[in-house]
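Participant: My structure file entry37.txt, compact mmCIF, C-alpha atoms, is below:
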```
# COMPACT_ATOMS: atom_id res chain seq x y z
CA MET A 290 -19.90 28.10 -7.40
CA ASN A 291 -16.96 25.99 -8.52
CA ILE A 292 -17.43 24.55 -12.00
CA TYR A 293 -13.98 22.97 -12.17
CA LYS A 294 -14.01 19.20 -12.57
CA SER A 295 -10.80 17.23 -12.21
CA ASN A 296 -9.66 14.75 -14.82
CA PHE A 297 -9.35 12.34 -11.90
CA SER A 298 -12.94 12.71 -10.71
CA PHE A 299 -13.74 9.16 -11.87
CA LEU A 300 -11.73 8.01 -8.83
CA GLU A 301 -13.63 10.12 -6.29
CA ASP A 302 -16.04 7.49 -4.99
CA ALA A 303 -13.72 4.52 -4.69
CA TYR A 304 -10.36 6.26 -4.14
CA PRO A 305 -10.84 9.82 -2.86
CA PHE A 306 -7.28 9.91 -1.52
CA ILE A 307 -5.98 9.41 -5.06
CA SER A 308 -8.39 11.73 -6.82
CA SER A 309 -7.62 14.80 -4.71
CA LEU A 310 -5.06 16.32 -7.10
CA ASP A 311 -5.94 19.74 -8.49
CA GLU A 312 -4.17 19.68 -11.84
CA ARG A 313 -4.40 23.45 -12.16
CA SER A 314 -1.50 23.72 -9.70
CA VAL A 315 0.94 22.81 -12.48
CA PHE A 316 0.70 26.41 -13.67
CA THR A 317 1.59 27.89 -10.28
CA ASP A 318 3.82 25.27 -8.67
CA ALA A 319 5.08 22.61 -11.07
CA SER A 320 7.58 21.08 -8.62
CA ASN A 321 4.94 20.62 -5.93
CA THR A 322 2.59 19.08 -8.49
CA LEU A 323 5.26 16.56 -9.47
CA VAL A 324 5.68 15.60 -5.81
CA LYS A 325 1.91 15.13 -5.50
CA LEU A 326 1.87 12.98 -8.63
CA ARG A 327 4.54 10.81 -7.07
CA MET A 328 2.43 10.51 -3.92
CA MET A 329 -0.53 9.41 -6.04
CA SER A 330 1.60 6.74 -7.72
CA GLU A 331 2.85 5.54 -4.32
CA LYS A 332 -0.73 5.08 -3.14
CA ILE A 333 -1.53 3.10 -6.26
CA THR A 334 1.59 0.97 -5.68
CA ASP A 335 0.45 0.26 -2.11
CA LEU A 336 -2.98 -0.77 -3.40
CA LEU A 337 -1.42 -3.06 -6.01
CA ILE A 338 0.67 -4.73 -3.32
CA GLN A 339 -2.47 -5.19 -1.25
CA TYR A 340 -4.57 -6.53 -4.16
CA HIS A 341 -1.86 -9.03 -5.09
CA ASP A 342 -1.44 -10.18 -1.48
CA ILE A 343 2.24 -9.41 -1.48
CA GLU A 344 3.83 -9.35 1.93
CA LEU A 345 6.47 -6.74 2.58
CA TYR A 346 8.77 -7.86 5.35
CA GLU A 347 10.00 -4.36 5.95
CA GLU A 348 8.73 -0.91 5.11
CA GLY A 349 10.40 0.04 1.90
CA ASN A 350 10.68 3.03 -0.29
CA GLN A 351 8.90 3.22 -3.63
CA TRP A 352 11.81 1.71 -5.51
CA LYS A 353 11.88 -1.35 -3.21
CA LYS A 354 8.11 -1.74 -3.36
CA LEU A 355 8.13 -1.63 -7.15
CA GLY A 356 10.90 -4.24 -7.25
CA LYS A 357 8.92 -6.56 -5.00
CA LEU A 358 5.75 -5.99 -7.01
CA GLU A 359 7.55 -6.63 -10.30
CA SER A 360 8.96 -9.90 -9.02
CA LYS A 361 5.66 -11.19 -7.64
CA SER A 362 2.98 -10.11 -10.12
CA GLU A 363 3.14 -11.31 -13.67
CA ASP A 364 -0.14 -9.79 -14.85
CA ILE A 365 0.89 -6.14 -14.53
CA PRO A 366 2.19 -4.85 -17.89
CA VAL A 367 5.77 -3.65 -18.19
CA SER A 368 4.45 -0.27 -19.36
CA ILE A 369 2.80 0.23 -15.96
CA PHE A 370 6.09 -0.36 -14.15
CA GLU A 371 7.82 2.02 -16.57
CA THR A 372 5.18 4.63 -15.80
CA LEU A 373 5.51 4.15 -12.06
CA HIS A 374 9.30 4.49 -12.26
CA SER A 375 9.06 7.61 -14.45
CA ILE A 376 6.73 9.27 -11.97
CA ARG A 377 8.98 8.20 -9.07
CA LYS A 378 12.08 9.70 -10.67
CA SER A 379 10.35 12.93 -11.63
CA GLY A 380 8.92 13.29 -8.13
CA ASN A 381 12.38 12.68 -6.65
CA LYS A 382 13.92 15.48 -8.70
CA ALA A 383 11.12 17.83 -7.71
CA ALA A 384 11.25 16.94 -4.00
CA HIS A 385 15.01 16.83 -3.50
CA TYR A 386 16.28 19.41 -5.95
CA ALA A 387 13.21 21.61 -6.57
CA ARG A 388 13.50 20.69 -10.22
CA GLY A 389 10.44 20.36 -12.32
CA THR A 390 9.06 22.47 -15.06
CA GLU A 391 5.53 23.24 -16.01
CA ALA A 392 6.15 21.50 -19.33
CA GLU A 393 7.37 18.33 -17.61
CA ALA A 394 4.40 18.33 -15.25
CA THR A 395 1.74 19.10 -17.82
CA LYS A 396 2.90 17.44 -20.99
CA PHE A 397 4.44 14.34 -19.57
CA MET A 398 3.72 13.44 -15.98
CA LEU A 399 0.06 14.44 -15.84
CA ARG A 400 -0.54 12.26 -18.87
CA LYS A 401 1.42 9.42 -17.28
CA ILE A 402 -0.49 9.56 -14.00
CA PHE A 403 -3.80 9.78 -15.84
CA TYR A 404 -2.86 6.69 -17.87
CA LEU A 405 -1.85 4.90 -14.66
CA CYS A 406 -5.03 5.85 -12.80
CA HIS A 407 -7.23 4.91 -15.75
CA TRP A 408 -5.51 1.52 -16.11
CA PHE A 409 -5.74 0.89 -12.37
CA TYR A 410 -9.42 1.79 -12.20
CA GLU A 411 -10.36 -0.35 -15.20
CA ARG A 412 -8.25 -3.32 -14.12
CA TYR A 413 -9.08 -3.41 -10.42
CA GLU A 414 -12.16 -1.36 -9.57
CA GLU A 415 -14.23 -2.36 -12.59
CA ALA A 416 -13.15 -5.99 -12.21
CA TYR A 417 -14.50 -6.09 -8.65
CA LYS A 418 -17.81 -4.51 -9.67
CA ALA A 419 -18.46 -7.09 -12.40
```
Please express the file's structure as structure tokens.
Facilitator:
Amino acid sequence: MNIYKSNFSFLEDAYPFISSLDERSVFTDASNTLVKLRMMSEKITDLLIQYHDIELYEEGNQWKKLGKLESKSEDIPVSIFETLHSIRKSGNKAAHYARGTEAEATKFMLRKIFYLCHWFYERYEEAYKA
């Protein structure tokens, strides 16, 4: 019997592809966890682009998508874009240079992605249920 419950379980019903992170992996593979956090943030970025009806004329990387989103959506707080960029940069270091410490993953990026997911869920999912 598995009694572990993820901090992201609130996303399970509406966004199972985002909630699949097992945070315990930060203790065994911090770099891989940082890459997975980046992937979560990329999925949220794609959903934001979809929710704001922003047309991408070409497939872009995360940096290009965030630039387009920033220029077209005025109701997303600057702090959200800062969070998305922080996660992007951290994930880049982990993916390309195998850099990423347990401390970075646990103390900083896990908190950032939780903040992002919580904001996203409250702003978009709860708004559509009301």
Participant: Between CA of Ile369 (chain A) and CA of Leu405 (chain A), what is the spacing in Å?
Facilitator: 6.7 Å
Participant: With distances taken over all atoms listed in the file, which of A:Tyr413, A:Tyr346, A:Phe397, A:Phe403 is nearest to Ile307 (chain A)?
Facilitator: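 Once distances to Ile307 (chain A) are computed over all atoms listed in the file, the minimum belongs to A:Phe403.
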Participant: Pick from A:Lys401, A:Arg412, A:Glu348, A:Ala387: nearest to Asp318 (chain A), with all atoms listed in the file counted?
Facilitator: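 Closest candidate: A:Ala387.
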Participant: Please report the interatomic distance between CA of Glu359 (chain A) and CA of Glu371 (chain A) in Å with one decimal.
Facilitator: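 Computing the Euclidean distance for CA of Glu359 (chain A) and CA of Glu371 (chain A) yields 10.7 Å.
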Participant: With only C-alpha atoms as the basis for distance, which of A:Tyr410, A:Arg400, A:Ala384, A:Gly349 is at the shortest distance from Asn321 (chain A)?
Facilitator: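 Distance minimum relative to Asn321 (chain A) lands on A:Ala384.
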Participant: Separation of CA of Thr317 (chain A) and CA of Ala392 (chain A), in Å?
Facilitator: 12.0 Å
Participant: For region 331-339 of chain A, please output as an mmCIF file with C-alpha atoms, keeping the file's coordinate frame all residues within 9 Å (counting all atoms listed in the file; exclusion window: fewer than 2 positions along the same chain).
Facilitator:
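Okay, out27.cif is ready:
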```cif
data_model
loop_
_atom_site.group_PDB
_atom_site.id
_atom_site.type_symbol
_atom_site.label_atom_id
_atom_site.label_comp_id
_atom_site.auth_asym_id
_atom_site.auth_seq_id
_atom_site.Cartn_x
_atom_site.Cartn_y
_atom_site.Cartn_z
ATOM 1 C CA PHE A 306 -7.280 9.910 -1.520
ATOM 2 C CA ILE A 307 -5.980 9.410 -5.060
ATOM 3 C CA LEU A 326 1.870 12.980 -8.630
ATOM 4 C CA ARG A 327 4.540 10.810 -7.070
ATOM 5 C CA MET A 328 2.430 10.510 -3.920
ATOM 6 C CA MET A 329 -0.530 9.410 -6.040
ATOM 7 C CA HIS A 341 -1.860 -9.030 -5.090
ATOM 8 C CA ASP A 342 -1.440 -10.180 -1.480
ATOM 9 C CA ILE A 343 2.240 -9.410 -1.480
ATOM 10 C CA GLU A 344 3.830 -9.350 1.930
ATOM 11 C CA LEU A 345 6.470 -6.740 2.580
ATOM 12 C CA GLN A 351 8.900 3.220 -3.630
ATOM 13 C CA LYS A 354 8.110 -1.740 -3.360
ATOM 14 C CA LEU A 355 8.130 -1.630 -7.150
ATOM 15 C CA LYS A 357 8.920 -6.560 -5.000
ATOM 16 C CA LEU A 358 5.750 -5.990 -7.010
ATOM 17 C CA SER A 362 2.980 -10.110 -10.120
ATOM 18 C CA LEU A 373 5.510 4.150 -12.060
ATOM 19 C CA ARG A 377 8.980 8.200 -9.070
ATOM 20 C CA LEU A 405 -1.850 4.900 -14.660
ATOM 21 C CA CYS A 406 -5.030 5.850 -12.800
ATOM 22 C CA PHE A 409 -5.740 0.890 -12.370
ATOM 23 C CA TYR A 413 -9.080 -3.410 -10.420
#
```
Participant: Once 4 Å is added on each side, what centre and edge lengths in Å to one decimal does the axis-aligned box around all listed atoms of region 368-386 of chain A have, as JSON?
Facilitator:
```
{"center_x": 9.5, "center_y": 9.5, "center_z": -11.4, "size_x": 21.5, "size_y": 27.8, "size_z": 23.9}
```
Participant: Give me, as a list in words, all polymer residues having an atom no more than 8 Å from Phe299 (chain A), counting only C-alpha atoms and skipping those fewer than 3 positions away in the same chain.
Facilitator: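 Final neighbour list, sorted by chain and number: Asn296, Asp302 and Ser308 of chain A.
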Participant: Of the candidates A:Ser320, A:Tyr404, A:Ser298, A:Glu411, which shows the shortest atom-to-atom distance to Ser368 (chain A), using only C-alpha atoms?
Facilitator: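 Closest to Ser368 (chain A) of all the choices is A:Tyr404.
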Participant: From the set A:His407, A:Lys382, A:Arg313, A:Lys396, which residue has the shortest atom-to-atom contact distance to Leu300 (chain A), counting all atoms listed in the file?
Facilitator: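 Comparing A:His407, A:Lys382, A:Arg313, A:Lys396 against Leu300 (chain A), the winner is A:His407.
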Participant: Pick out the closest residue to Lys378 (chain A) from this set: A:Leu323, A:Gly356, A:Leu399, A:Pro305. Count all atoms listed in the file.
Facilitator: A:Leu323
Participant: Could I get region 327-362 of chain A from the block written as a PDB file, in the first residue's frame, with N, CA, C and O atoms?
Facilitator:
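Produced file selection.pdb, reproduced below:
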```pdb
ATOM      1  N   ARG A 327      10.922  21.604 -15.387  1.00  0.00           N
ATOM      2  CA  ARG A 327      10.868  22.434 -16.592  1.00  0.00           C
ATOM      3  C   ARG A 327       9.775  21.927 -17.526  1.00  0.00           C
ATOM      4  O   ARG A 327       9.025  22.710 -18.107  1.00  0.00           O
ATOM      5  N   MET A 328       9.666  20.619 -17.680  1.00  0.00           N
ATOM      6  CA  MET A 328       8.637  20.046 -18.545  1.00  0.00           C
ATOM      7  C   MET A 328       7.245  20.408 -18.029  1.00  0.00           C
ATOM      8  O   MET A 328       6.351  20.725 -18.827  1.00  0.00           O
ATOM      9  N   MET A 329       7.062  20.389 -16.717  1.00  0.00           N
ATOM     10  CA  MET A 329       5.778  20.797 -16.145  1.00  0.00           C
ATOM     11  C   MET A 329       5.480  22.252 -16.504  1.00  0.00           C
ATOM     12  O   MET A 329       4.358  22.589 -16.885  1.00  0.00           O
ATOM     13  N   SER A 330       6.477  23.110 -16.364  1.00  0.00           N
ATOM     14  CA  SER A 330       6.261  24.534 -16.660  1.00  0.00           C
ATOM     15  C   SER A 330       5.982  24.747 -18.142  1.00  0.00           C
ATOM     16  O   SER A 330       5.209  25.632 -18.509  1.00  0.00           O
ATOM     17  N   GLU A 331       6.586  23.939 -19.011  1.00  0.00           N
ATOM     18  CA  GLU A 331       6.318  24.047 -20.442  1.00  0.00           C
ATOM     19  C   GLU A 331       4.877  23.659 -20.757  1.00  0.00           C
ATOM     20  O   GLU A 331       4.230  24.273 -21.605  1.00  0.00           O
ATOM     21  N   LYS A 332       4.365  22.655 -20.074  1.00  0.00           N
ATOM     22  CA  LYS A 332       2.969  22.257 -20.281  1.00  0.00           C
ATOM     23  C   LYS A 332       2.022  23.353 -19.819  1.00  0.00           C
ATOM     24  O   LYS A 332       1.014  23.637 -20.471  1.00  0.00           O
ATOM     25  N   ILE A 333       2.352  23.987 -18.710  1.00  0.00           N
ATOM     26  CA  ILE A 333       1.524  25.089 -18.225  1.00  0.00           C
ATOM     27  C   ILE A 333       1.588  26.258 -19.216  1.00  0.00           C
ATOM     28  O   ILE A 333       0.571  26.883 -19.512  1.00  0.00           O
ATOM     29  N   THR A 334       2.759  26.540 -19.750  1.00  0.00           N
ATOM     30  CA  THR A 334       2.904  27.599 -20.755  1.00  0.00           C
ATOM     31  C   THR A 334       2.031  27.305 -21.971  1.00  0.00           C
ATOM     32  O   THR A 334       1.324  28.186 -22.472  1.00  0.00           O
ATOM     33  N   ASP A 335       2.055  26.063 -22.438  1.00  0.00           N
ATOM     34  CA  ASP A 335       1.220  25.681 -23.589  1.00  0.00           C
ATOM     35  C   ASP A 335      -0.266  25.873 -23.278  1.00  0.00           C
ATOM     36  O   ASP A 335      -1.029  26.344 -24.132  1.00  0.00           O
ATOM     37  N   LEU A 336      -0.677  25.529 -22.063  1.00  0.00           N
ATOM     38  CA  LEU A 336      -2.077  25.726 -21.679  1.00  0.00           C
ATOM     39  C   LEU A 336      -2.433  27.214 -21.612  1.00  0.00           C
ATOM     40  O   LEU A 336      -3.517  27.618 -22.026  1.00  0.00           O
ATOM     41  N   LEU A 337      -1.520  28.026 -21.103  1.00  0.00           N
ATOM     42  CA  LEU A 337      -1.768  29.469 -21.044  1.00  0.00           C
ATOM     43  C   LEU A 337      -1.928  30.051 -22.449  1.00  0.00           C
ATOM     44  O   LEU A 337      -2.814  30.872 -22.686  1.00  0.00           O
ATOM     45  N   ILE A 338      -1.095  29.606 -23.368  1.00  0.00           N
ATOM     46  CA  ILE A 338      -1.207  30.061 -24.754  1.00  0.00           C
ATOM     47  C   ILE A 338      -2.563  29.653 -25.323  1.00  0.00           C
ATOM     48  O   ILE A 338      -3.238  30.440 -25.983  1.00  0.00           O
ATOM     49  N   GLN A 339      -2.975  28.455 -25.035  1.00  0.00           N
ATOM     50  CA  GLN A 339      -4.275  27.962 -25.496  1.00  0.00           C
ATOM     51  C   GLN A 339      -5.419  28.755 -24.862  1.00  0.00           C
ATOM     52  O   GLN A 339      -6.333  29.206 -25.558  1.00  0.00           O
ATOM     53  N   TYR A 340      -5.384  28.956 -23.555  1.00  0.00           N
ATOM     54  CA  TYR A 340      -6.460  29.673 -22.861  1.00  0.00           C
ATOM     55  C   TYR A 340      -6.581  31.125 -23.303  1.00  0.00           C
ATOM     56  O   TYR A 340      -7.646  31.717 -23.246  1.00  0.00           O
ATOM     57  N   HIS A 341      -5.471  31.713 -23.706  1.00  0.00           N
ATOM     58  CA  HIS A 341      -5.485  33.112 -24.143  1.00  0.00           C
ATOM     59  C   HIS A 341      -5.647  33.249 -25.652  1.00  0.00           C
ATOM     60  O   HIS A 341      -5.530  34.356 -26.184  1.00  0.00           O
ATOM     61  N   ASP A 342      -5.919  32.141 -26.318  1.00  0.00           N
ATOM     62  CA  ASP A 342      -6.119  32.132 -27.772  1.00  0.00           C
ATOM     63  C   ASP A 342      -4.995  32.833 -28.529  1.00  0.00           C
ATOM     64  O   ASP A 342      -5.233  33.653 -29.424  1.00  0.00           O
ATOM     65  N   ILE A 343      -3.789  32.507 -28.161  1.00  0.00           N
ATOM     66  CA  ILE A 343      -2.629  33.086 -28.822  1.00  0.00           C
ATOM     67  C   ILE A 343      -2.173  32.121 -29.907  1.00  0.00           C
ATOM     68  O   ILE A 343      -1.964  30.939 -29.657  1.00  0.00           O
ATOM     69  N   GLU A 344      -2.034  32.656 -31.094  1.00  0.00           N
ATOM     70  CA  GLU A 344      -1.612  31.826 -32.216  1.00  0.00           C
ATOM     71  C   GLU A 344      -0.100  31.900 -32.367  1.00  0.00           C
ATOM     72  O   GLU A 344       0.477  32.981 -32.446  1.00  0.00           O
ATOM     73  N   LEU A 345       0.511  30.739 -32.385  1.00  0.00           N
ATOM     74  CA  LEU A 345       1.941  30.651 -32.644  1.00  0.00           C
ATOM     75  C   LEU A 345       2.115  30.297 -34.116  1.00  0.00           C
ATOM     76  O   LEU A 345       1.601  29.294 -34.570  1.00  0.00           O
ATOM     77  N   TYR A 346       2.812  31.109 -34.833  1.00  0.00           N
ATOM     78  CA  TYR A 346       2.976  30.888 -36.265  1.00  0.00           C
ATOM     79  C   TYR A 346       4.037  29.844 -36.577  1.00  0.00           C
ATOM     80  O   TYR A 346       4.109  29.330 -37.672  1.00  0.00           O
ATOM     81  N   GLU A 347       4.844  29.563 -35.606  1.00  0.00           N
ATOM     82  CA  GLU A 347       5.851  28.522 -35.753  1.00  0.00           C
ATOM     83  C   GLU A 347       6.054  27.876 -34.390  1.00  0.00           C
ATOM     84  O   GLU A 347       5.817  28.494 -33.365  1.00  0.00           O
ATOM     85  N   GLU A 348       6.457  26.625 -34.414  1.00  0.00           N
ATOM     86  CA  GLU A 348       6.757  25.960 -33.151  1.00  0.00           C
ATOM     87  C   GLU A 348       7.986  26.623 -32.550  1.00  0.00           C
ATOM     88  O   GLU A 348       9.005  26.763 -33.215  1.00  0.00           O
ATOM     89  N   GLY A 349       7.866  27.050 -31.343  1.00  0.00           N
ATOM     90  CA  GLY A 349       8.986  27.725 -30.711  1.00  0.00           C
ATOM     91  C   GLY A 349       9.444  26.999 -29.467  1.00  0.00           C
ATOM     92  O   GLY A 349       8.758  26.121 -28.957  1.00  0.00           O
ATOM     93  N   ASN A 350      10.590  27.405 -29.010  1.00  0.00           N
ATOM     94  CA  ASN A 350      11.061  26.871 -27.747  1.00  0.00           C
ATOM     95  C   ASN A 350      10.374  27.622 -26.600  1.00  0.00           C
ATOM     96  O   ASN A 350       9.592  28.546 -26.826  1.00  0.00           O
ATOM     97  N   GLN A 351      10.670  27.239 -25.397  1.00  0.00           N
ATOM     98  CA  GLN A 351      10.011  27.840 -24.239  1.00  0.00           C
ATOM     99  C   GLN A 351      10.268  29.341 -24.163  1.00  0.00           C
ATOM    100  O   GLN A 351       9.365  30.107 -23.850  1.00  0.00           O
ATOM    101  N   TRP A 352      11.469  29.756 -24.458  1.00  0.00           N
ATOM    102  CA  TRP A 352      11.800  31.170 -24.399  1.00  0.00           C
ATOM    103  C   TRP A 352      10.934  31.970 -25.380  1.00  0.00           C
ATOM    104  O   TRP A 352      10.395  33.020 -25.042  1.00  0.00           O
ATOM    105  N   LYS A 353      10.783  31.474 -26.605  1.00  0.00           N
ATOM    106  CA  LYS A 353       9.957  32.161 -27.605  1.00  0.00           C
ATOM    107  C   LYS A 353       8.483  32.159 -27.200  1.00  0.00           C
ATOM    108  O   LYS A 353       7.783  33.149 -27.377  1.00  0.00           O
ATOM    109  N   LYS A 354       8.020  31.038 -26.678  1.00  0.00           N
ATOM    110  CA  LYS A 354       6.621  30.963 -26.241  1.00  0.00           C
ATOM    111  C   LYS A 354       6.339  31.951 -25.118  1.00  0.00           C
ATOM    112  O   LYS A 354       5.307  32.623 -25.111  1.00  0.00           O
ATOM    113  N   LEU A 355       7.262  32.043 -24.165  1.00  0.00           N
ATOM    114  CA  LEU A 355       7.068  32.990 -23.059  1.00  0.00           C
ATOM    115  C   LEU A 355       7.077  34.428 -23.565  1.00  0.00           C
ATOM    116  O   LEU A 355       6.295  35.258 -23.091  1.00  0.00           O
ATOM    117  N   GLY A 356       7.935  34.729 -24.520  1.00  0.00           N
ATOM    118  CA  GLY A 356       7.963  36.071 -25.101  1.00  0.00           C
ATOM    119  C   GLY A 356       6.645  36.423 -25.766  1.00  0.00           C
ATOM    120  O   GLY A 356       6.111  37.522 -25.594  1.00  0.00           O
ATOM    121  N   LYS A 357       6.108  35.498 -26.514  1.00  0.00           N
ATOM    122  CA  LYS A 357       4.826  35.713 -27.195  1.00  0.00           C
ATOM    123  C   LYS A 357       3.706  35.883 -26.162  1.00  0.00           C
ATOM    124  O   LYS A 357       2.865  36.780 -26.275  1.00  0.00           O
ATOM    125  N   LEU A 358       3.711  35.029 -25.157  1.00  0.00           N
ATOM    126  CA  LEU A 358       2.696  35.092 -24.110  1.00  0.00           C
ATOM    127  C   LEU A 358       2.771  36.419 -23.346  1.00  0.00           C
ATOM    128  O   LEU A 358       1.755  37.052 -23.091  1.00  0.00           O
ATOM    129  N   GLU A 359       3.990  36.841 -23.030  1.00  0.00           N
ATOM    130  CA  GLU A 359       4.169  38.119 -22.324  1.00  0.00           C
ATOM    131  C   GLU A 359       3.653  39.292 -23.139  1.00  0.00           C
ATOM    132  O   GLU A 359       3.074  40.232 -22.579  1.00  0.00           O
ATOM    133  N   SER A 360       3.842  39.248 -24.439  1.00  0.00           N
ATOM    134  CA  SER A 360       3.431  40.369 -25.275  1.00  0.00           C
ATOM    135  C   SER A 360       1.925  40.395 -25.544  1.00  0.00           C
ATOM    136  O   SER A 360       1.382  41.429 -25.898  1.00  0.00           O
ATOM    137  N   LYS A 361       1.255  39.271 -25.368  1.00  0.00           N
ATOM    138  CA  LYS A 361      -0.158  39.181 -25.730  1.00  0.00           C
ATOM    139  C   LYS A 361      -1.122  39.083 -24.543  1.00  0.00           C
ATOM    140  O   LYS A 361      -2.321  39.212 -24.728  1.00  0.00           O
ATOM    141  N   SER A 362      -0.625  38.831 -23.365  1.00  0.00           N
ATOM    142  CA  SER A 362      -1.546  38.659 -22.227  1.00  0.00           C
ATOM    143  C   SER A 362      -1.154  39.596 -21.094  1.00  0.00           C
ATOM    144  O   SER A 362      -0.108  39.439 -20.481  1.00  0.00           O
TER     145      SER A 362
END
```
